[in-house]
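Source file structure_22.cif; content: mmCIF, C-alpha atoms.
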```cif
data_protein
loop_
_atom_site.label_atom_id
_atom_site.label_comp_id
_atom_site.auth_asym_id
_atom_site.auth_seq_id
_atom_site.Cartn_x
_atom_site.Cartn_y
_atom_site.Cartn_z
CA MET A 73 -44.90 91.28 -112.04
CA ALA A 74 -41.15 90.80 -111.93
CA GLY A 75 -39.31 93.24 -109.69
CA GLN A 76 -42.09 93.60 -107.15
CA GLY A 77 -41.85 92.52 -103.53
CA PHE A 78 -38.74 92.12 -101.41
CA SER A 79 -35.51 90.17 -101.33
CA VAL A 80 -33.59 89.44 -98.14
CA PHE A 81 -29.88 88.90 -97.71
CA LEU A 82 -28.61 86.71 -94.88
CA PHE A 83 -25.12 87.22 -93.46
CA GLN A 84 -23.01 85.26 -91.05
CA SER A 85 -23.03 88.19 -88.62
CA SER A 86 -24.96 91.37 -87.96
CA SER A 87 -21.69 93.28 -88.43
CA TYR A 88 -21.73 92.14 -92.06
CA ALA A 89 -25.37 93.15 -92.43
CA LEU A 90 -24.57 96.60 -91.02
CA ARG A 91 -21.70 96.98 -93.47
CA ALA A 92 -24.02 95.97 -96.32
CA GLU A 93 -26.62 98.54 -95.22
CA LYS A 94 -23.96 101.28 -95.36
CA LEU A 95 -22.57 100.20 -98.73
CA LEU A 96 -26.04 100.04 -100.30
CA ALA A 97 -26.95 103.46 -98.89
CA GLN A 98 -23.86 104.92 -100.55
CA GLU A 99 -25.17 103.59 -103.86
CA LYS A 100 -28.64 105.00 -103.09
CA ILE A 101 -30.18 101.54 -102.78
CA ARG A 102 -32.94 101.45 -100.17
CA SER A 103 -32.70 98.69 -97.61
CA LYS A 104 -33.84 97.82 -94.11
CA LEU A 105 -32.40 95.62 -91.41
CA ILE A 106 -35.08 93.25 -90.14
CA PRO A 107 -35.13 90.17 -87.88
CA VAL A 108 -34.26 87.03 -89.83
CA PRO A 109 -37.57 85.33 -90.83
CA ARG A 110 -37.86 82.07 -88.91
CA SER A 111 -38.61 80.22 -92.15
CA LEU A 112 -35.16 81.09 -93.51
CA SER A 113 -32.89 80.54 -90.53
CA SER A 114 -32.92 79.75 -86.84
CA ASP A 115 -30.41 82.53 -86.22
CA CYS A 116 -31.40 85.33 -83.88
CA GLY A 117 -29.83 88.24 -85.71
CA VAL A 118 -30.82 90.58 -88.49
CA CYS A 119 -30.93 90.32 -92.26
CA LEU A 120 -31.07 93.00 -94.91
CA ARG A 121 -34.24 93.54 -96.92
CA THR A 122 -34.17 95.33 -100.28
CA GLY A 123 -36.66 95.78 -103.06
CA ARG A 124 -36.57 92.79 -105.38
CA ALA A 125 -35.83 95.15 -108.26
CA ASP A 126 -32.61 96.19 -106.51
CA LYS A 127 -31.39 92.66 -105.81
CA LYS A 128 -28.91 92.41 -108.69
CA LYS A 129 -27.50 95.85 -108.07
CA ALA A 130 -27.14 95.05 -104.35
CA ILE A 131 -25.25 91.84 -105.14
CA MET A 132 -22.90 93.79 -107.41
CA VAL A 133 -22.20 96.39 -104.72
CA MET A 134 -21.39 93.69 -102.15
CA GLU A 135 -19.17 91.77 -104.55
CA LYS A 136 -17.32 94.95 -105.47
CA ASN A 137 -16.56 95.49 -101.79
CA SER A 138 -15.70 91.84 -101.09
CA LEU A 139 -18.56 91.58 -98.62
CA ARG A 140 -19.81 88.01 -98.43
CA PHE A 141 -23.46 87.21 -97.83
CA GLU A 142 -24.62 83.70 -97.02
CA GLN A 143 -27.98 83.48 -98.75
CA VAL A 144 -30.41 85.63 -100.68
CA HIS A 145 -34.14 84.87 -100.83
CA ASP A 146 -37.11 86.44 -102.53
CA LEU A 147 -39.92 86.98 -100.04
CA LYS A 148 -43.33 85.87 -101.15
CA MET B 221 -22.95 108.11 -74.39
CA ALA B 222 -25.87 109.75 -72.65
CA ASP B 223 -27.81 109.57 -75.91
CA PHE B 224 -27.11 105.84 -76.20
CA SER B 225 -28.09 105.17 -72.59
CA GLU B 226 -31.30 107.23 -72.75
CA ARG B 227 -32.49 106.50 -76.25
CA VAL B 228 -31.04 103.13 -77.31
CA GLY B 229 -29.68 100.91 -74.51
CA ALA B 230 -30.07 97.71 -76.55
CA ASN B 231 -27.59 94.92 -77.29
CA PRO B 232 -26.19 94.97 -80.84
CA GLY B 233 -26.51 91.77 -82.87
CA ARG B 234 -28.64 90.07 -80.21
CA ALA B 235 -32.08 90.91 -81.57
CA GLY B 236 -33.65 92.33 -84.68
CA HIS B 237 -35.72 95.16 -83.20
CA ARG B 238 -34.98 98.73 -84.11
CA LEU B 239 -33.04 99.61 -80.97
CA ALA B 240 -30.78 96.57 -81.30
CA VAL B 241 -30.16 97.56 -84.91
CA GLU B 242 -29.43 101.12 -83.81
CA ALA B 243 -26.92 99.83 -81.24
CA GLY B 244 -25.35 97.71 -83.98
CA ARG B 245 -25.08 100.77 -86.20
CA ILE B 246 -23.27 102.71 -83.48
CA VAL B 247 -20.75 99.89 -83.07
CA TYR B 248 -20.34 99.43 -86.82
CA ASN B 249 -19.86 103.17 -87.40
CA THR B 250 -17.14 103.15 -84.73
CA ARG B 251 -15.42 100.30 -86.56
CA GLU B 252 -15.65 102.24 -89.80
CA ALA B 253 -14.30 105.44 -88.23
CA LEU B 254 -11.34 103.54 -86.76
CA ALA B 255 -10.62 101.72 -90.03
CA GLU B 256 -10.54 105.05 -91.82
CA PHE B 257 -8.45 106.65 -89.08
CA PHE B 258 -5.74 103.94 -89.14
CA ASN B 259 -6.09 103.13 -92.87
CA ALA B 260 -7.06 99.56 -91.95
CA PRO B 261 -8.11 97.24 -94.80
CA ASP B 262 -11.65 96.48 -93.61
CA PRO B 263 -13.99 97.77 -90.84
CA LEU B 264 -14.80 94.12 -90.07
CA ARG B 265 -11.15 93.62 -89.14
CA ILE B 266 -11.54 96.10 -86.28
CA VAL B 267 -11.94 93.92 -83.18
CA PHE B 268 -13.03 95.51 -79.92
CA ALA B 269 -11.72 94.49 -76.52
CA ALA B 270 -12.09 95.67 -72.92
CA ASN B 271 -8.90 97.72 -73.28
CA ILE B 272 -5.62 97.69 -75.17
CA THR B 273 -4.07 95.21 -72.72
CA GLU B 274 -6.75 92.68 -73.61
CA ALA B 275 -6.24 93.45 -77.32
CA ILE B 276 -2.49 92.79 -77.03
CA ASN B 277 -3.22 89.55 -75.15
CA ILE B 278 -5.69 88.45 -77.87
CA CYS B 279 -2.93 88.86 -80.46
CA LEU B 280 0.00 87.40 -78.54
CA HIS B 281 -1.82 84.39 -77.02
CA GLY B 282 -3.74 83.84 -80.25
CA LEU B 283 -0.79 83.83 -82.62
CA LEU B 284 2.31 82.67 -80.75
CA GLU B 285 3.02 79.00 -80.19
CA PRO B 286 5.82 77.10 -78.45
CA GLY B 287 8.86 77.14 -80.71
CA ASP B 288 8.06 80.60 -82.13
CA HIS B 289 10.43 83.51 -81.60
CA VAL B 290 9.28 87.06 -80.90
CA ILE B 291 11.28 90.30 -80.74
CA THR B 292 10.29 93.23 -78.55
CA SER B 293 12.03 96.38 -77.24
CA SER B 294 13.45 97.34 -73.87
CA MET B 295 10.99 100.26 -73.59
CA GLU B 296 7.83 98.17 -73.32
CA HIS B 297 4.96 98.54 -70.91
CA ASN B 298 3.92 95.55 -68.79
CA SER B 299 0.93 95.09 -71.14
CA VAL B 300 3.44 93.69 -73.65
CA ILE B 301 6.26 92.30 -71.55
CA ARG B 302 4.10 90.39 -69.04
CA PRO B 303 2.19 88.32 -71.62
CA LEU B 304 5.50 87.70 -73.40
CA ARG B 305 7.22 86.53 -70.21
CA TYR B 306 4.21 84.31 -69.52
CA LEU B 307 4.40 82.81 -73.02
CA GLU B 308 8.15 82.39 -72.61
CA LYS B 309 7.46 79.87 -69.86
CA ALA B 310 5.28 77.97 -72.34
CA GLY B 311 8.11 77.72 -74.86
CA VAL B 312 7.97 80.94 -76.89
CA ALA B 313 11.47 82.44 -77.32
CA VAL B 314 11.61 86.17 -76.49
CA SER B 315 14.40 88.59 -77.50
CA VAL B 316 14.55 92.16 -76.25
CA ALA B 317 16.09 94.77 -78.58
CA GLN B 318 18.08 97.20 -76.45
CA CYS B 319 17.08 100.87 -76.59
CA THR B 320 19.36 103.77 -75.67
CA PRO B 321 19.05 105.45 -72.24
CA GLU B 322 16.99 108.12 -74.05
CA GLY B 323 14.57 105.39 -75.07
CA GLU B 324 15.47 105.40 -78.75
CA LEU B 325 15.70 102.24 -80.83
CA ASP B 326 18.02 101.71 -83.76
CA PRO B 327 16.10 99.48 -86.24
CA GLU B 328 19.38 97.61 -86.77
CA GLU B 329 18.99 96.26 -83.19
CA VAL B 330 15.80 94.51 -84.32
CA ASP B 331 17.29 93.34 -87.60
CA LYS B 332 20.18 91.56 -85.92
CA LEU B 333 17.88 89.61 -83.60
CA VAL B 334 15.87 88.02 -86.44
CA LYS B 335 16.15 84.22 -86.50
CA PRO B 336 14.81 81.66 -88.99
CA TYR B 337 11.91 80.89 -86.62
CA THR B 338 11.07 84.50 -85.69
CA LYS B 339 7.34 85.03 -86.09
CA MET B 340 6.59 88.50 -84.82
CA VAL B 341 7.96 91.87 -83.72
CA VAL B 342 6.05 93.67 -80.94
CA ILE B 343 6.87 97.27 -80.03
CA ASN B 344 5.20 100.36 -78.66
CA HIS B 345 4.99 103.39 -80.91
CA ALA B 346 6.01 105.64 -78.05
CA SER B 347 7.10 104.97 -74.50
CA ASN B 348 4.59 105.69 -71.75
CA VAL B 349 7.50 106.65 -69.47
CA VAL B 350 9.47 109.19 -71.53
CA GLY B 351 7.33 109.57 -74.67
CA THR B 352 10.20 108.65 -77.00
CA LEU B 353 8.89 107.66 -80.44
CA LEU B 354 10.16 104.39 -81.89
CA PRO B 355 10.88 104.10 -85.64
CA VAL B 356 7.73 102.17 -86.48
CA ARG B 357 7.94 102.47 -90.26
CA GLU B 358 11.58 101.35 -90.46
CA ILE B 359 10.88 98.37 -88.20
CA GLY B 360 7.76 97.59 -90.25
CA ARG B 361 9.89 97.52 -93.36
CA ILE B 362 12.28 95.03 -91.71
CA CYS B 363 9.30 92.83 -90.77
CA ARG B 364 8.07 92.80 -94.36
CA ARG B 365 11.53 91.92 -95.63
CA TYR B 366 11.68 88.84 -93.40
CA GLY B 367 7.97 88.00 -93.62
CA LEU B 368 7.35 88.68 -89.90
CA LEU B 369 4.13 89.87 -88.32
CA PHE B 370 4.35 93.38 -86.89
CA LEU B 371 2.33 94.34 -83.80
CA VAL B 372 2.32 97.97 -82.66
CA ASP B 373 1.10 99.10 -79.23
CA SER B 374 -0.23 102.57 -80.04
CA ALA B 375 -1.50 103.44 -76.54
CA GLN B 376 0.59 106.61 -76.39
CA THR B 377 0.22 107.77 -79.98
CA ALA B 378 -3.10 106.85 -81.61
CA GLY B 379 -4.76 110.20 -82.17
CA ALA B 380 -1.72 112.24 -81.16
CA TYR B 381 0.65 111.17 -83.90
CA PRO B 382 -0.09 110.00 -87.45
CA LEU B 383 -0.36 106.22 -87.89
CA ASP B 384 -1.11 104.39 -91.12
CA MET B 385 -1.30 100.60 -91.20
CA LYS B 386 -0.33 100.40 -94.86
CA LYS B 387 2.47 102.97 -94.94
CA ASP B 388 3.88 101.78 -91.60
CA PHE B 389 3.61 98.07 -92.57
CA ILE B 390 1.58 97.24 -89.44
CA ASP B 391 -0.25 93.90 -89.25
CA LEU B 392 -1.75 94.29 -85.79
CA LEU B 393 -2.43 97.81 -84.56
CA CYS B 394 -3.54 97.71 -80.92
CA PHE B 395 -5.24 100.87 -79.68
CA THR B 396 -6.87 102.29 -76.58
CA GLY B 397 -9.87 104.58 -76.67
CA HIS B 398 -9.23 106.46 -73.45
CA LYS B 399 -6.08 108.41 -74.26
CA SER B 400 -5.47 110.45 -77.39
CA LEU B 401 -8.54 109.09 -79.20
CA TYR B 402 -10.53 111.03 -76.55
CA GLY B 403 -12.92 108.18 -75.78
CA PRO B 404 -13.81 106.70 -72.39
CA MET B 405 -12.01 104.04 -70.38
CA GLY B 406 -12.96 100.44 -71.10
CA THR B 407 -12.64 100.86 -74.86
CA GLY B 408 -9.83 99.51 -77.00
CA GLY B 409 -9.08 96.87 -79.57
CA VAL B 410 -6.99 95.84 -82.50
CA ALA B 411 -7.06 96.62 -86.21
CA ILE B 412 -5.93 93.51 -88.08
CA GLY B 413 -4.23 93.63 -91.47
CA ASN B 414 -4.76 91.31 -94.41
CA ARG B 415 -1.57 89.33 -93.75
CA VAL B 416 -3.10 87.75 -90.66
CA ALA B 417 -5.33 84.84 -91.62
CA THR B 418 -8.57 84.35 -89.69
CA ASP B 419 -7.71 80.75 -88.81
CA ALA B 420 -4.20 81.69 -87.60
CA LEU B 421 -5.51 83.59 -84.58
CA ARG B 422 -7.02 81.43 -81.85
CA PRO B 423 -9.72 83.27 -79.85
CA LEU B 424 -8.74 84.06 -76.26
CA LYS B 425 -12.31 83.44 -75.12
CA GLN B 426 -15.41 81.76 -76.45
CA GLY B 427 -19.07 82.59 -75.96
CA GLY B 428 -22.12 84.38 -77.30
CA THR B 429 -21.69 86.52 -80.38
CA GLY B 430 -25.25 86.88 -81.63
CA SER B 431 -24.25 85.05 -84.81
CA HIS B 432 -24.72 81.38 -85.75
CA SER B 433 -26.71 80.93 -82.55
CA GLU B 434 -27.70 77.41 -83.54
CA LYS B 435 -24.08 76.24 -83.27
CA GLU B 436 -22.30 75.20 -80.09
CA GLU B 437 -18.92 76.02 -81.64
CA GLN B 438 -17.30 79.43 -81.80
CA PRO B 439 -17.77 81.22 -85.16
CA ASP B 440 -14.65 81.33 -87.34
CA PHE B 441 -15.02 84.80 -88.86
CA TRP B 442 -14.11 88.27 -87.62
CA PRO B 443 -14.97 90.31 -85.72
CA ASP B 444 -17.34 87.78 -84.08
CA ALA B 445 -14.74 85.05 -83.45
CA LEU B 446 -12.77 87.42 -81.21
CA GLU B 447 -15.64 89.37 -79.59
CA SER B 448 -17.58 87.00 -77.34
CA GLY B 449 -19.86 88.60 -74.81
CA THR B 450 -21.63 91.94 -74.73
CA LEU B 451 -19.57 94.85 -75.98
CA ASN B 452 -19.15 98.13 -74.13
CA VAL B 453 -21.54 99.94 -76.45
CA VAL B 454 -21.90 102.93 -74.10
CA GLY B 455 -18.13 103.32 -74.20
CA LEU B 456 -17.95 102.79 -77.95
CA SER B 457 -20.53 105.58 -78.46
CA GLY B 458 -18.13 107.83 -76.58
CA LEU B 459 -15.19 106.61 -78.64
CA ALA B 460 -17.12 107.40 -81.83
CA ALA B 461 -17.69 110.93 -80.51
CA GLY B 462 -13.98 111.27 -79.69
CA LEU B 463 -13.02 110.13 -83.18
CA SER B 464 -15.40 112.55 -84.80
CA TRP B 465 -13.94 115.41 -82.72
CA LEU B 466 -10.44 114.28 -83.74
CA ARG B 467 -11.41 114.27 -87.39
CA GLU B 468 -12.61 117.87 -87.08
CA GLN B 469 -9.41 118.96 -85.38
CA GLY B 470 -6.97 116.88 -87.41
CA VAL B 471 -4.11 114.88 -85.90
CA ALA B 472 -1.55 117.23 -87.49
CA LYS B 473 -2.96 120.24 -85.65
CA ILE B 474 -3.07 118.41 -82.31
CA ARG B 475 0.48 117.16 -82.86
CA ARG B 476 1.73 120.72 -83.56
CA GLN B 477 0.07 122.05 -80.44
CA GLU B 478 1.36 119.25 -78.21
CA GLN B 479 4.83 119.64 -79.64
CA LYS B 480 4.77 123.35 -78.77
CA LEU B 481 3.70 122.59 -75.19
CA VAL B 482 6.29 119.82 -74.78
CA ARG B 483 9.03 122.13 -76.04
CA LYS B 484 7.97 124.76 -73.51
CA LEU B 485 7.78 122.26 -70.65
CA LEU B 486 11.19 120.75 -71.48
CA ALA B 487 12.80 124.19 -71.68
CA GLY B 488 11.22 125.26 -68.39
CA LEU B 489 12.23 122.13 -66.47
CA GLU B 490 15.76 122.08 -67.84
CA GLU B 491 16.38 125.56 -66.49
CA LEU B 492 15.66 124.43 -62.93
CA LYS B 493 18.49 123.35 -60.68
CA GLY B 494 18.26 119.84 -59.22
CA VAL B 495 15.89 118.61 -61.96
CA THR B 496 16.87 115.77 -64.30
CA VAL B 497 14.71 115.30 -67.40
CA TYR B 498 14.71 111.92 -69.18
CA GLY B 499 14.18 110.96 -72.80
CA THR B 500 15.40 112.67 -75.94
CA LYS B 501 14.55 116.16 -74.61
CA ASN B 502 13.55 116.91 -78.16
CA ALA B 503 9.85 117.66 -78.78
CA THR B 504 10.00 116.36 -82.35
CA LYS B 505 11.13 112.94 -81.13
CA GLN B 506 8.53 112.39 -78.43
CA THR B 507 4.84 112.55 -77.58
CA GLY B 508 3.17 114.58 -74.84
CA VAL B 509 4.84 112.72 -71.99
CA VAL B 510 7.69 114.26 -69.99
CA SER B 511 9.47 112.38 -67.20
CA PHE B 512 11.86 113.86 -64.64
CA THR B 513 13.32 113.37 -61.19
CA LEU B 514 14.32 115.84 -58.46
CA ARG B 515 17.69 115.61 -56.78
CA ASP B 516 16.40 116.01 -53.24
CA ILE B 517 12.82 114.72 -53.27
CA SER B 518 11.60 111.23 -54.14
CA PRO B 519 9.03 110.91 -56.95
CA SER B 520 6.33 109.73 -54.54
CA GLU B 521 6.79 112.68 -52.19
CA ALA B 522 6.97 115.10 -55.12
CA GLY B 523 3.72 113.68 -56.50
CA LEU B 524 1.91 114.18 -53.21
CA ARG B 525 3.20 117.73 -52.77
CA LEU B 526 2.41 118.75 -56.36
CA ASP B 527 -1.16 117.52 -55.80
CA GLU B 528 -1.63 119.12 -52.35
CA GLU B 529 0.26 122.37 -52.88
CA SER B 530 -0.42 123.13 -56.55
CA GLY B 531 -3.35 120.95 -57.59
CA LEU B 532 -1.07 119.39 -60.18
CA LEU B 533 -2.00 115.78 -60.84
CA CYS B 534 0.69 113.51 -62.21
CA ARG B 535 1.74 109.90 -62.07
CA VAL B 536 4.91 109.01 -60.21
CA GLY B 537 6.90 105.81 -59.82
CA LEU B 538 7.38 103.03 -62.33
CA HIS B 539 4.35 103.61 -64.60
CA CYS B 540 3.79 99.83 -65.03
CA ALA B 541 6.97 99.74 -67.11
CA PRO B 542 9.91 98.44 -65.03
CA LEU B 543 11.78 97.40 -68.18
CA ALA B 544 11.64 100.94 -69.59
CA HIS B 545 12.80 102.39 -66.27
CA ARG B 546 15.75 100.00 -66.28
CA THR B 547 16.60 101.18 -69.79
CA ILE B 548 16.60 104.87 -68.86
CA GLY B 549 18.31 104.20 -65.51
CA THR B 550 15.51 105.15 -63.11
CA PHE B 551 14.68 101.72 -61.67
CA PRO B 552 13.44 101.19 -58.95
CA GLN B 553 12.61 104.71 -57.73
CA GLY B 554 10.91 105.75 -60.99
CA THR B 555 10.15 109.27 -62.18
CA ILE B 556 7.60 112.05 -61.99
CA ARG B 557 5.64 112.12 -65.22
CA PHE B 558 3.61 114.94 -66.75
CA GLY B 559 1.18 113.93 -69.48
CA LEU B 560 -0.08 116.61 -71.87
CA GLY B 561 -3.11 116.53 -74.13
CA ALA B 562 -5.01 118.63 -76.62
CA PHE B 563 -6.79 120.53 -73.84
CA ASN B 564 -3.68 121.76 -72.05
CA THR B 565 -2.65 125.38 -72.40
CA SER B 566 0.58 127.33 -72.42
CA GLU B 567 -0.41 128.95 -69.10
CA GLU B 568 -0.78 125.52 -67.51
CA ILE B 569 2.76 124.65 -68.59
CA GLU B 570 4.03 127.83 -66.93
CA GLU B 571 2.12 126.94 -63.75
CA ALA B 572 3.56 123.42 -63.79
CA VAL B 573 7.13 124.67 -64.15
CA ARG B 574 6.52 127.19 -61.33
CA ALA B 575 5.18 124.42 -59.10
CA VAL B 576 8.25 122.24 -59.70
CA TYR B 577 10.48 125.27 -59.07
CA GLN B 578 8.75 125.80 -55.70
CA LEU B 579 9.53 122.18 -54.77
CA THR B 580 13.21 122.47 -55.66
CA LYS B 581 13.52 125.77 -53.81
CA ARG B 582 12.11 124.52 -50.53
CA SER B 583 13.77 121.14 -50.40
#
```
As C-alpha cells - that is how I would like this structure written.
Amino acid sequence: MAGQGFSVFLFQSSSYALRAEKLLAQEKIRSKLIPVPRSLSSDCGVCLRTGRADKKKAIMVMEKNSLRFEQVHDLK
Amino acid sequence: MADFSERVGANPGRAGHRLAVEAGRIVYNTREALAEFFNAPDPLRIVFAANITEAINICLHGLLEPGDHVITSSMEHNSVIRPLRYLEKAGVAVSVAQCTPEGELDPEEVDKLVKPYTKMVVINHASNVVGTLLPVREIGRICRRYGLLFLVDSAQTAGAYPLDMKKDFIDLLCFTGHKSLYGPMGTGGVAIGNRVATDALRPLKQGGTGSHSEKEEQPDFWPDALESGTLNVVGLSGLAAGLSWLREQGVAKIRRQEQKLVRKLLAGLEELKGVTVYGTKNATKQTGVVSFTLRDISPSEAGLRLDEESGLLCRVGLHCAPLAHRTIGTFPQGTIRFGLGAFNTSEEIEEAVRAVYQLTKRS
C-alpha cells in the first residue's frame, strides 16, 4: 500500500541532517537519524529516516527553510 | 559538560550510533542557540574554532589576498593585529584608523581610509584594555555603502552588550565562549553572514569532517569545510549551558548591572589620589573593563600586592594589546585592569576600591 514503509534523506553533512531533524520536529513530523545504509552511500555519517507518508511534507519543510538534501530514497 | 562526558562522550558526525547522534545534537543545538543570539542568517553558518583567535585567523587568512586592502583600528588586540601584520608581509595593505586616547573611534576615520581596492574592515566591538565601545553599527553602515566585508571581534562584548548581525551590518562575527557567553575556555568561532560566499573563504586547515568520507578533497560546504578535526564537544556543551543561562537572564539585565558596577568602580577610583583611570570614564560608553595606573607603584608590583594582600586577582601589563596601549599612552609599562562580570557584587567593588586605596596610602 502506498504510504507504508520508510523514506531516507541523505545530506552532505550530519550538521544538515541534524538541522532537518529539528525542522521536521517543529512541524510534528516524526523522523530518526540512522547510519547511512551501505547500499545508498559509502559515507560514514547519518541520514534521516521518515515515514514514507511524510516524505512530501518533509521535502516541503526543507525547501521552505532552504535546507538542501542530496538524495531521497524509499526503503524497501 | 559532566553530563556529556558521563553519558555521551561520542564524536559527532563520525558514526551513526545513538551517542554520536546525541553528540551531534548538542553541537547543532549550540549552533542554533548562537545563531539566534547573534541574529545570524543560518545555524549552519556558525563555524566553531579552538578560540576566537583561531576564528579571526580563519577569516583573515581565508579571505585576504595580496593586493587587497584592509582597515583596522588602533585599539586592536594582538589576535587581530598580528595576523594582519603577517599578511602585510605577504602583500596585503593594512591601514590603521586612529582612535582617541580614550579609545574612541570616529567612524569618519574609517571612511577616509577607504580605497578602491579595500576589501574588509576589522575592528573589535570593545577594547580589552579600557573597555571603550566602538561604533559598530555606524562602521557597518559605511562598509555596506562601499561594499566592504565587516569583521567584528566581539571577545569583550558578546553576551555583555547587545549584538545583532543584521542591524549592525556584520558579515563575520567572531566570538569567544569563555568570557561573557559564560562558556568554558577552548570554545569560540565565527558567525558568517550571507554576503560571504562559501567559495570565497579558503579553509585554514584540511582534514576529517565526517562528511564525504569517500573523497580525498576537502568538502566545499559550511560548516564542514572550515571545521576539520574533532570539535571540543565537552566545551560546546558548556557553552550551550552558558547561552541558556544568558537567555534566562537577558543581555539587557546583565548590561544594566555591569554598568552600575562600572559606574561605582570608576567613581571610587577617581576619588583616590595618585590613581589615573583610562578610557572614557563613562559607564555607558564602555564594558566591564576598567584600566588604571598608580603614580608610585608599577602595574606589575601593584598586581602582586593586590593578589597577596587583598586576594584581588587582576591582569596587569600590556594585555596582549601593545597597539591599544600606545593609543591610550600607557606603552610600555601597561596598566592594572579590573574585569567585571555578571557575578560581581557592589560589595566587591567597595572592597576593590579599598584595596587600591591601601596601596596608594602605603606607597
Could you check how far atom CA of A:Ser113 sits from atom CA of A:Leu90, in Å to one decimal?
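About the pair atom CA of A:Ser113 and atom CA of A:Leu90: they are 18.1 Å apart.
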I need the residue set behind the PyMOL selection byres ((chain B) within 9 of (chain A)) for this file; please write it as a PyMOL selection string.
chain B and resi 232-238+241+244-245+247-249+252+263-264+429-434+439+441-444
Point-to-point distance in Å for atom CA of B:Phe370 and atom CA of B:Arg357
10.3 Å
What do you get, as a list in words, if you spell out every residue that the PyMOL selection byres ((chain B and resi 474-479) around 9) selects here?
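Given this file, the PyMOL selection byres ((chain B and resi 474-479) around 9) evaluates to Gly379, Ala380, Tyr381, Pro382, Leu466, Gln469, Gly470, Val471, Ala472, Lys473, Lys480, Leu481, Val482, Arg483, Lys484, Ala503, Thr504, Gln506, Thr507, Gly508, Leu560, Gly561, Ala562 and Asn564 of chain B.
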Pick out the residues sitting within 7 Å of stretch 566-570 of chain B, and hand them over as a PDB file with C-alpha atoms, in the coordinates of the input; count all atoms listed in the file, and ignore anything fewer than 3 positions along from it in its own chain.
```pdb
ATOM      1  CA  LEU B 481       3.700 122.590 -75.190  1.00  0.00           C
ATOM      2  CA  LEU B 485       7.780 122.260 -70.650  1.00  0.00           C
ATOM      3  CA  VAL B 573       7.130 124.670 -64.150  1.00  0.00           C
ATOM      4  CA  ARG B 574       6.520 127.190 -61.330  1.00  0.00           C
TER       5      ARG B 574
END
```
For A:Gly123, list every protein, DNA or RNA residue within 8 Å, evaluated using all atoms listed in the file, and leave out those in the same chain fewer than 5 positions away; present the list as a list of chain:residue names.
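Here the answer would be A:Gly75, A:Gln76, A:Gly77, A:Phe78, A:Ser79, A:Arg102, A:Ser103.
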What residues come out when you apply the PyMOL selection byres ((chain B and resi 536) around 6) to this file, written as an MDAnalysis selection string?
chainID B and resid 519:520 535 537 555:557
Keeping only C-alpha atoms, take the residues you just selected and write them out as a PDB file, in the frame of the given file.
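That gives us result.pdb:
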```pdb
ATOM      1  CA  PRO B 519       9.030 110.910 -56.950  1.00  0.00           C
ATOM      2  CA  SER B 520       6.330 109.730 -54.540  1.00  0.00           C
ATOM      3  CA  ARG B 535       1.740 109.900 -62.070  1.00  0.00           C
ATOM      4  CA  GLY B 537       6.900 105.810 -59.820  1.00  0.00           C
ATOM      5  CA  THR B 555      10.150 109.270 -62.180  1.00  0.00           C
ATOM      6  CA  ILE B 556       7.600 112.050 -61.990  1.00  0.00           C
ATOM      7  CA  ARG B 557       5.640 112.120 -65.220  1.00  0.00           C
TER       8      ARG B 557
END
```
Name the residues, using the chain letters and numbers of the file, that sit within 8 Å of (-29.5, 101.9, -77.9) when counting only C-alpha atoms, and give them as a ChimeraX atom specification.
/B:224-231,239-240,242-243
Could you write those residues out with C-alpha atoms, as a compact mmCIF listing (two decimals), in the frame of the given file?
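Output file selection.txt follows:
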```txt
# COMPACT_ATOMS: atom_id res chain seq x y z
CA PHE B 224 -27.11 105.84 -76.20
CA SER B 225 -28.09 105.17 -72.59
CA GLU B 226 -31.30 107.23 -72.75
CA ARG B 227 -32.49 106.50 -76.25
CA VAL B 228 -31.04 103.13 -77.31
CA GLY B 229 -29.68 100.91 -74.51
CA ALA B 230 -30.07 97.71 -76.55
CA ASN B 231 -27.59 94.92 -77.29
CA LEU B 239 -33.04 99.61 -80.97
CA ALA B 240 -30.78 96.57 -81.30
CA GLU B 242 -29.43 101.12 -83.81
CA ALA B 243 -26.92 99.83 -81.24
```
Test item: residues at most 9 Å from B:Gly397, all atoms listed in the file, excluding those fewer than 4 positions along its chain, as a list in words:
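Counting only the stated atoms, we get Asn271, Ile272, Ala375, Ala378, Leu401, Tyr402, Gly403, Pro404, Met405, Gly406, Thr407, Gly408, Gly409, Gly455, Leu456, Gly458, Leu459 and Gly462 of chain B.
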Have a look at atom CA of B:Arg546 and atom CA of B:Gly323 and let me know their distance in Å, one decimal.
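Going from atom CA of B:Arg546 over to atom CA of B:Gly323, I get 10.4 Å.
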Counting only C-alpha atoms, what is within 12 Å of A:Met132, bar same-chain residues fewer than 5 positions away, as a CSV table (one decimal) with C-alpha atoms, in the coordinates of the input?
```
chain,number,residue,atom,x,y,z
A,92,ALA,CA,-24.0,96.0,-96.3
A,95,LEU,CA,-22.6,100.2,-98.7
A,96,LEU,CA,-26.0,100.0,-100.3
A,99,GLU,CA,-25.2,103.6,-103.9
A,101,ILE,CA,-30.2,101.5,-102.8
A,126,ASP,CA,-32.6,96.2,-106.5
A,127,LYS,CA,-31.4,92.7,-105.8
A,137,ASN,CA,-16.6,95.5,-101.8
A,138,SER,CA,-15.7,91.8,-101.1
A,139,LEU,CA,-18.6,91.6,-98.6
A,140,ARG,CA,-19.8,88.0,-98.4
A,141,PHE,CA,-23.5,87.2,-97.8
```
Best match for closeness to B:Ala541 among B:Glu256, B:Glu296, B:Asp391, B:Asp373, counting all atoms listed in the file
B:Glu296
Output as a Markdown table one row per residue of stretch 299-325 of chain B within 12 Å of stretch 488-499 of chain B: the closest atom pair and its distance in Å to one decimal place, counting all atoms listed in the file, sorted by chain and residue number ascending.
```
| residue | atom | partner | partner_atom | distance |
| --- | --- | --- | --- | --- |
| B:Cys319 | CA | B:Gly499 | CA | 11.2 |
| B:Thr320 | CA | B:Gly499 | CA | 9.3 |
| B:Pro321 | CA | B:Gly499 | CA | 7.4 |
| B:Glu322 | CA | B:Gly499 | CA | 4.2 |
| B:Gly323 | CA | B:Gly499 | CA | 6.0 |
| B:Glu324 | CA | B:Gly499 | CA | 8.2 |
| B:Leu325 | CA | B:Gly499 | CA | 12.0 |
```
Pull the neighbourhood of (2.8, 88.4, -82.3) for me: all residues within 7 Å in file coordinates, counting all atoms listed in the file, as a list in words.
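Result, sorted by chain then residue number: Cys279, Leu280, Leu283, Leu284, Val290, Lys339, Met340, Val341, Val342, Leu369, Phe370 and Leu371 of chain B.
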